[in-house]
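S.K.: For reference, the structure I am asking about is given below.
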Amino acid sequence: MVLSKDLQPIYDLEISLGNQVKRVDEPAGTACPYAVVFAEALHLESIQEKLQLPSTVKFWESRDPHYEIGNGYVCEVTRHALSGPISE
């Protein structure tokens with residue numbers, strides 16, 4: 001599967017800033033058919049400063065201890081997601 005074109009700029013920026021892919025989940029649950037999980041926290045400030053994200057891309061955060069703690073972005077059209085651990 002190929003990552004949503006709406007999330008690709010975030011992926012490219014993270015790679016350019018030295019973040020590495022920890023894993024790819026396919027599927028990543030019942031609501032997400034494809035997810036890229038980065039090893040380090042996403043560069044949220046750089047994403048906001050450097051990228052113009054479409055309205056279909058939404059930020060999310062989960063601190064539910066029953067799942068992996070993290071945050072990232074999801075495409076509402078494809079339901080693909082990008083995430084990383086929460087930077088504390």
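Labeling convention for the structure tokens: chains A, B, ... as they appear, residues from 1 per chain, ligands from 1 in order of appearance.
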Which polymer residues have any atom within 8 Å of an atom of stretch 29-41 of chain A, counting only C-alpha atoms, with same-chain residues fewer than 5 positions away left out, as a list of chain:residue names?
M.R.: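 Everything that qualifies: A:Met1, A:Leu3, A:Asn19, A:Gln20, A:Val21, A:Lys22, A:Arg23, A:Val24, A:Arg79, A:His80, A:Ala81, A:Leu82, A:Ser83, A:Gly84, A:Pro85, A:Ile86, A:Ser87.
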S.K.: Can I get the selection written as a short mmCIF file (atom, residue, chain, number, x, y, z; two decimals), in the first residue's frame, with all heavy atoms?
M.R.:
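Written file, part29.cif:
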```
data_model
loop_
_atom_site.label_atom_id
_atom_site.label_comp_id
_atom_site.auth_asym_id
_atom_site.auth_seq_id
_atom_site.Cartn_x
_atom_site.Cartn_y
_atom_site.Cartn_z
N MET A 1 0.85 -1.18 0.00
CA MET A 1 0.00 0.00 0.00
C MET A 1 0.89 1.24 0.00
O MET A 1 1.98 1.24 0.55
CB MET A 1 -0.91 -0.01 1.22
CG MET A 1 -1.92 1.12 1.24
SD MET A 1 -3.15 1.01 2.55
CE MET A 1 -4.09 -0.40 1.98
N LEU A 3 1.30 5.31 1.01
CA LEU A 3 0.82 6.30 1.95
C LEU A 3 -0.01 7.37 1.24
O LEU A 3 0.30 7.77 0.12
CB LEU A 3 2.02 6.96 2.64
CG LEU A 3 1.73 8.01 3.70
CD1 LEU A 3 0.99 7.38 4.89
CD2 LEU A 3 3.02 8.64 4.17
N ASN A 19 14.29 11.75 11.44
CA ASN A 19 13.44 10.75 12.09
C ASN A 19 13.46 9.47 11.26
O ASN A 19 13.63 9.53 10.03
CB ASN A 19 12.01 11.28 12.24
CG ASN A 19 11.29 10.70 13.44
OD1 ASN A 19 11.70 9.70 14.01
ND2 ASN A 19 10.19 11.34 13.81
N GLN A 20 13.28 8.34 11.90
CA GLN A 20 13.30 7.05 11.20
C GLN A 20 11.99 6.31 11.44
O GLN A 20 11.40 6.43 12.52
CB GLN A 20 14.46 6.20 11.70
CG GLN A 20 15.81 6.80 11.41
CD GLN A 20 16.94 5.91 11.90
OE1 GLN A 20 16.75 4.92 12.57
NE2 GLN A 20 18.16 6.30 11.56
N VAL A 21 11.59 5.55 10.46
CA VAL A 21 10.39 4.75 10.59
C VAL A 21 10.67 3.59 11.53
O VAL A 21 11.63 2.83 11.34
CB VAL A 21 9.91 4.23 9.22
CG1 VAL A 21 8.74 3.27 9.36
CG2 VAL A 21 9.54 5.40 8.31
N LYS A 22 9.86 3.48 12.55
CA LYS A 22 9.96 2.37 13.51
C LYS A 22 9.26 1.13 12.94
O LYS A 22 9.77 0.03 13.03
CB LYS A 22 9.32 2.79 14.83
CG LYS A 22 9.32 1.73 15.90
CD LYS A 22 8.67 2.28 17.18
CE LYS A 22 8.60 1.23 18.27
NZ LYS A 22 7.95 1.78 19.49
N ARG A 23 8.06 1.38 12.38
CA ARG A 23 7.32 0.26 11.77
C ARG A 23 6.19 0.80 10.91
O ARG A 23 5.81 1.96 11.01
CB ARG A 23 6.79 -0.69 12.83
CG ARG A 23 5.70 -0.13 13.67
CD ARG A 23 5.11 -1.19 14.63
NE ARG A 23 3.90 -0.70 15.21
CZ ARG A 23 3.85 0.11 16.27
NH1 ARG A 23 4.96 0.50 16.86
NH2 ARG A 23 2.69 0.54 16.73
N VAL A 24 5.67 -0.07 10.07
CA VAL A 24 4.48 0.21 9.27
C VAL A 24 3.45 -0.85 9.64
O VAL A 24 3.75 -2.05 9.61
CB VAL A 24 4.81 0.16 7.76
CG1 VAL A 24 3.54 0.31 6.93
CG2 VAL A 24 5.83 1.23 7.39
N ARG A 79 -7.97 7.41 5.72
CA ARG A 79 -7.83 6.91 7.09
C ARG A 79 -6.41 6.41 7.36
O ARG A 79 -6.18 5.72 8.34
CB ARG A 79 -8.88 5.84 7.41
CG ARG A 79 -10.30 6.35 7.30
CD ARG A 79 -11.37 5.34 7.69
NE ARG A 79 -10.97 3.96 7.72
CZ ARG A 79 -11.38 3.02 6.87
NH1 ARG A 79 -12.19 3.33 5.90
NH2 ARG A 79 -11.00 1.78 7.00
N HIS A 80 -5.45 6.79 6.52
CA HIS A 80 -4.04 6.49 6.79
C HIS A 80 -3.57 7.41 7.91
O HIS A 80 -4.12 8.50 8.10
CB HIS A 80 -3.18 6.74 5.56
CG HIS A 80 -3.43 5.78 4.46
ND1 HIS A 80 -2.73 5.82 3.27
CD2 HIS A 80 -4.31 4.76 4.33
CE1 HIS A 80 -3.15 4.86 2.47
NE2 HIS A 80 -4.12 4.21 3.08
N ALA A 81 -2.53 6.99 8.64
CA ALA A 81 -2.03 7.78 9.76
C ALA A 81 -0.51 7.77 9.81
O ALA A 81 0.13 6.82 9.35
CB ALA A 81 -2.59 7.24 11.07
N LEU A 82 0.04 8.84 10.38
CA LEU A 82 1.45 8.96 10.72
C LEU A 82 1.52 9.29 12.19
O LEU A 82 0.74 10.12 12.67
CB LEU A 82 2.11 10.13 9.96
CG LEU A 82 2.36 9.98 8.49
CD1 LEU A 82 2.85 11.31 7.93
CD2 LEU A 82 3.40 8.93 8.23
N SER A 83 2.45 8.69 12.91
CA SER A 83 2.53 8.99 14.34
C SER A 83 3.95 8.82 14.85
O SER A 83 4.82 8.27 14.19
CB SER A 83 1.59 8.09 15.13
OG SER A 83 2.03 6.75 15.09
N GLY A 84 4.12 9.29 16.08
CA GLY A 84 5.36 9.13 16.82
C GLY A 84 5.03 9.24 18.29
O GLY A 84 3.91 9.59 18.67
N PRO A 85 6.00 8.94 19.14
CA PRO A 85 5.75 9.07 20.58
C PRO A 85 5.55 10.55 20.94
O PRO A 85 6.02 11.43 20.23
CB PRO A 85 7.02 8.51 21.22
CG PRO A 85 8.06 8.60 20.17
CD PRO A 85 7.36 8.50 18.85
N ILE A 86 4.86 10.79 22.03
CA ILE A 86 4.65 12.16 22.50
C ILE A 86 5.95 12.66 23.12
O ILE A 86 6.55 11.99 23.94
CB ILE A 86 3.50 12.23 23.51
CG1 ILE A 86 2.18 11.90 22.80
CG2 ILE A 86 3.42 13.60 24.17
CD1 ILE A 86 0.98 11.85 23.71
N SER A 87 6.35 13.85 22.70
CA SER A 87 7.55 14.48 23.25
C SER A 87 7.18 15.16 24.55
O SER A 87 6.29 16.00 24.59
CB SER A 87 8.09 15.51 22.26
OG SER A 87 9.20 16.16 22.80
#
```
S.K.: From the DSSP assignment of the backbone, select every residue of chain A that is alpha helix (DSSP H), and format the answer as a PyMOL selection string.
M.R.: chain A and resi 8-16+44-50
S.K.: Could you save the residues just selected, with N, CA and C atoms, as a short mmCIF file (atom, residue, chain, number, x, y, z; two decimals), in the first residue's frame?
M.R.:
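The new file again.cif reads:
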```cif
data_model
loop_
_atom_site.label_atom_id
_atom_site.label_comp_id
_atom_site.auth_asym_id
_atom_site.auth_seq_id
_atom_site.Cartn_x
_atom_site.Cartn_y
_atom_site.Cartn_z
N GLN A 8 2.04 12.46 2.72
CA GLN A 8 3.40 12.30 2.19
C GLN A 8 4.32 13.47 2.55
N PRO A 9 3.86 14.73 2.50
CA PRO A 9 4.77 15.83 2.87
C PRO A 9 5.25 15.75 4.32
N ILE A 10 4.41 15.28 5.23
CA ILE A 10 4.82 15.11 6.62
C ILE A 10 5.88 14.02 6.70
N TYR A 11 5.64 12.91 6.03
CA TYR A 11 6.60 11.80 5.99
C TYR A 11 7.95 12.31 5.47
N ASP A 12 7.93 13.00 4.34
CA ASP A 12 9.17 13.49 3.73
C ASP A 12 9.91 14.44 4.66
N LEU A 13 9.18 15.34 5.34
CA LEU A 13 9.81 16.27 6.26
C LEU A 13 10.45 15.53 7.43
N GLU A 14 9.74 14.57 8.00
CA GLU A 14 10.29 13.81 9.13
C GLU A 14 11.58 13.09 8.73
N ILE A 15 11.59 12.47 7.58
CA ILE A 15 12.80 11.78 7.10
C ILE A 15 13.93 12.79 6.92
N SER A 16 13.63 13.95 6.34
CA SER A 16 14.67 14.97 6.10
C SER A 16 15.24 15.51 7.41
N LEU A 44 6.50 18.66 15.38
CA LEU A 44 5.22 19.35 15.21
C LEU A 44 5.38 20.81 14.82
N GLU A 45 6.33 21.51 15.42
CA GLU A 45 6.54 22.93 15.07
C GLU A 45 6.99 23.08 13.63
N SER A 46 7.90 22.23 13.19
CA SER A 46 8.37 22.29 11.80
C SER A 46 7.25 21.96 10.83
N ILE A 47 6.41 21.01 11.18
CA ILE A 47 5.28 20.65 10.31
C ILE A 47 4.37 21.86 10.14
N GLN A 48 4.05 22.53 11.23
CA GLN A 48 3.17 23.69 11.16
C GLN A 48 3.80 24.86 10.42
N GLU A 49 5.10 25.06 10.62
CA GLU A 49 5.80 26.18 9.99
C GLU A 49 6.05 25.97 8.50
N LYS A 50 6.39 24.74 8.12
CA LYS A 50 6.87 24.49 6.76
C LYS A 50 5.82 23.91 5.80
#
```
S.K.: Enumerate as a list in words all residues of chain A assigned to strand (DSSP E or B) by DSSP on the backbone, naming them with the chain letters and numbers the document uses.
M.R.: Val21, Lys22, Arg23, Val24, Asp25, Ala35, Val36, Val37, Phe38, Val57, Lys58, Phe59, Trp60, Glu61, Ser62, Gly70, Asn71, Gly72, Tyr73, Val74, Cys75, Ala81, Leu82, Ser83 and Gly84 of chain A
S.K.: Under the rule that only C-alpha atoms are counted, which of A:Leu7, A:Leu17, A:Ala28, A:Leu51 is the nearest residue to A:Gly72?
M.R.: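 Among A:Leu7, A:Leu17, A:Ala28, A:Leu51, it is A:Leu7 that comes nearest to A:Gly72.
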S.K.: Calculate how many Å separate atom CA of A:Gln52 from atom CA of A:Gly70, rounding to one decimal.
M.R.: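 Result for atom CA of A:Gln52 versus atom CA of A:Gly70: 22.2 Å, one decimal.
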S.K.: Just the number, please: distance in Å from atom CA of A:Ile69 to atom CA of A:His43, one decimal.
M.R.: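 Those two atoms sit 16.1 Å apart.
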S.K.: In Å, how far is it from atom CA of A:Phe59 to atom CA of A:Glu76?
M.R.: 10.5 Å
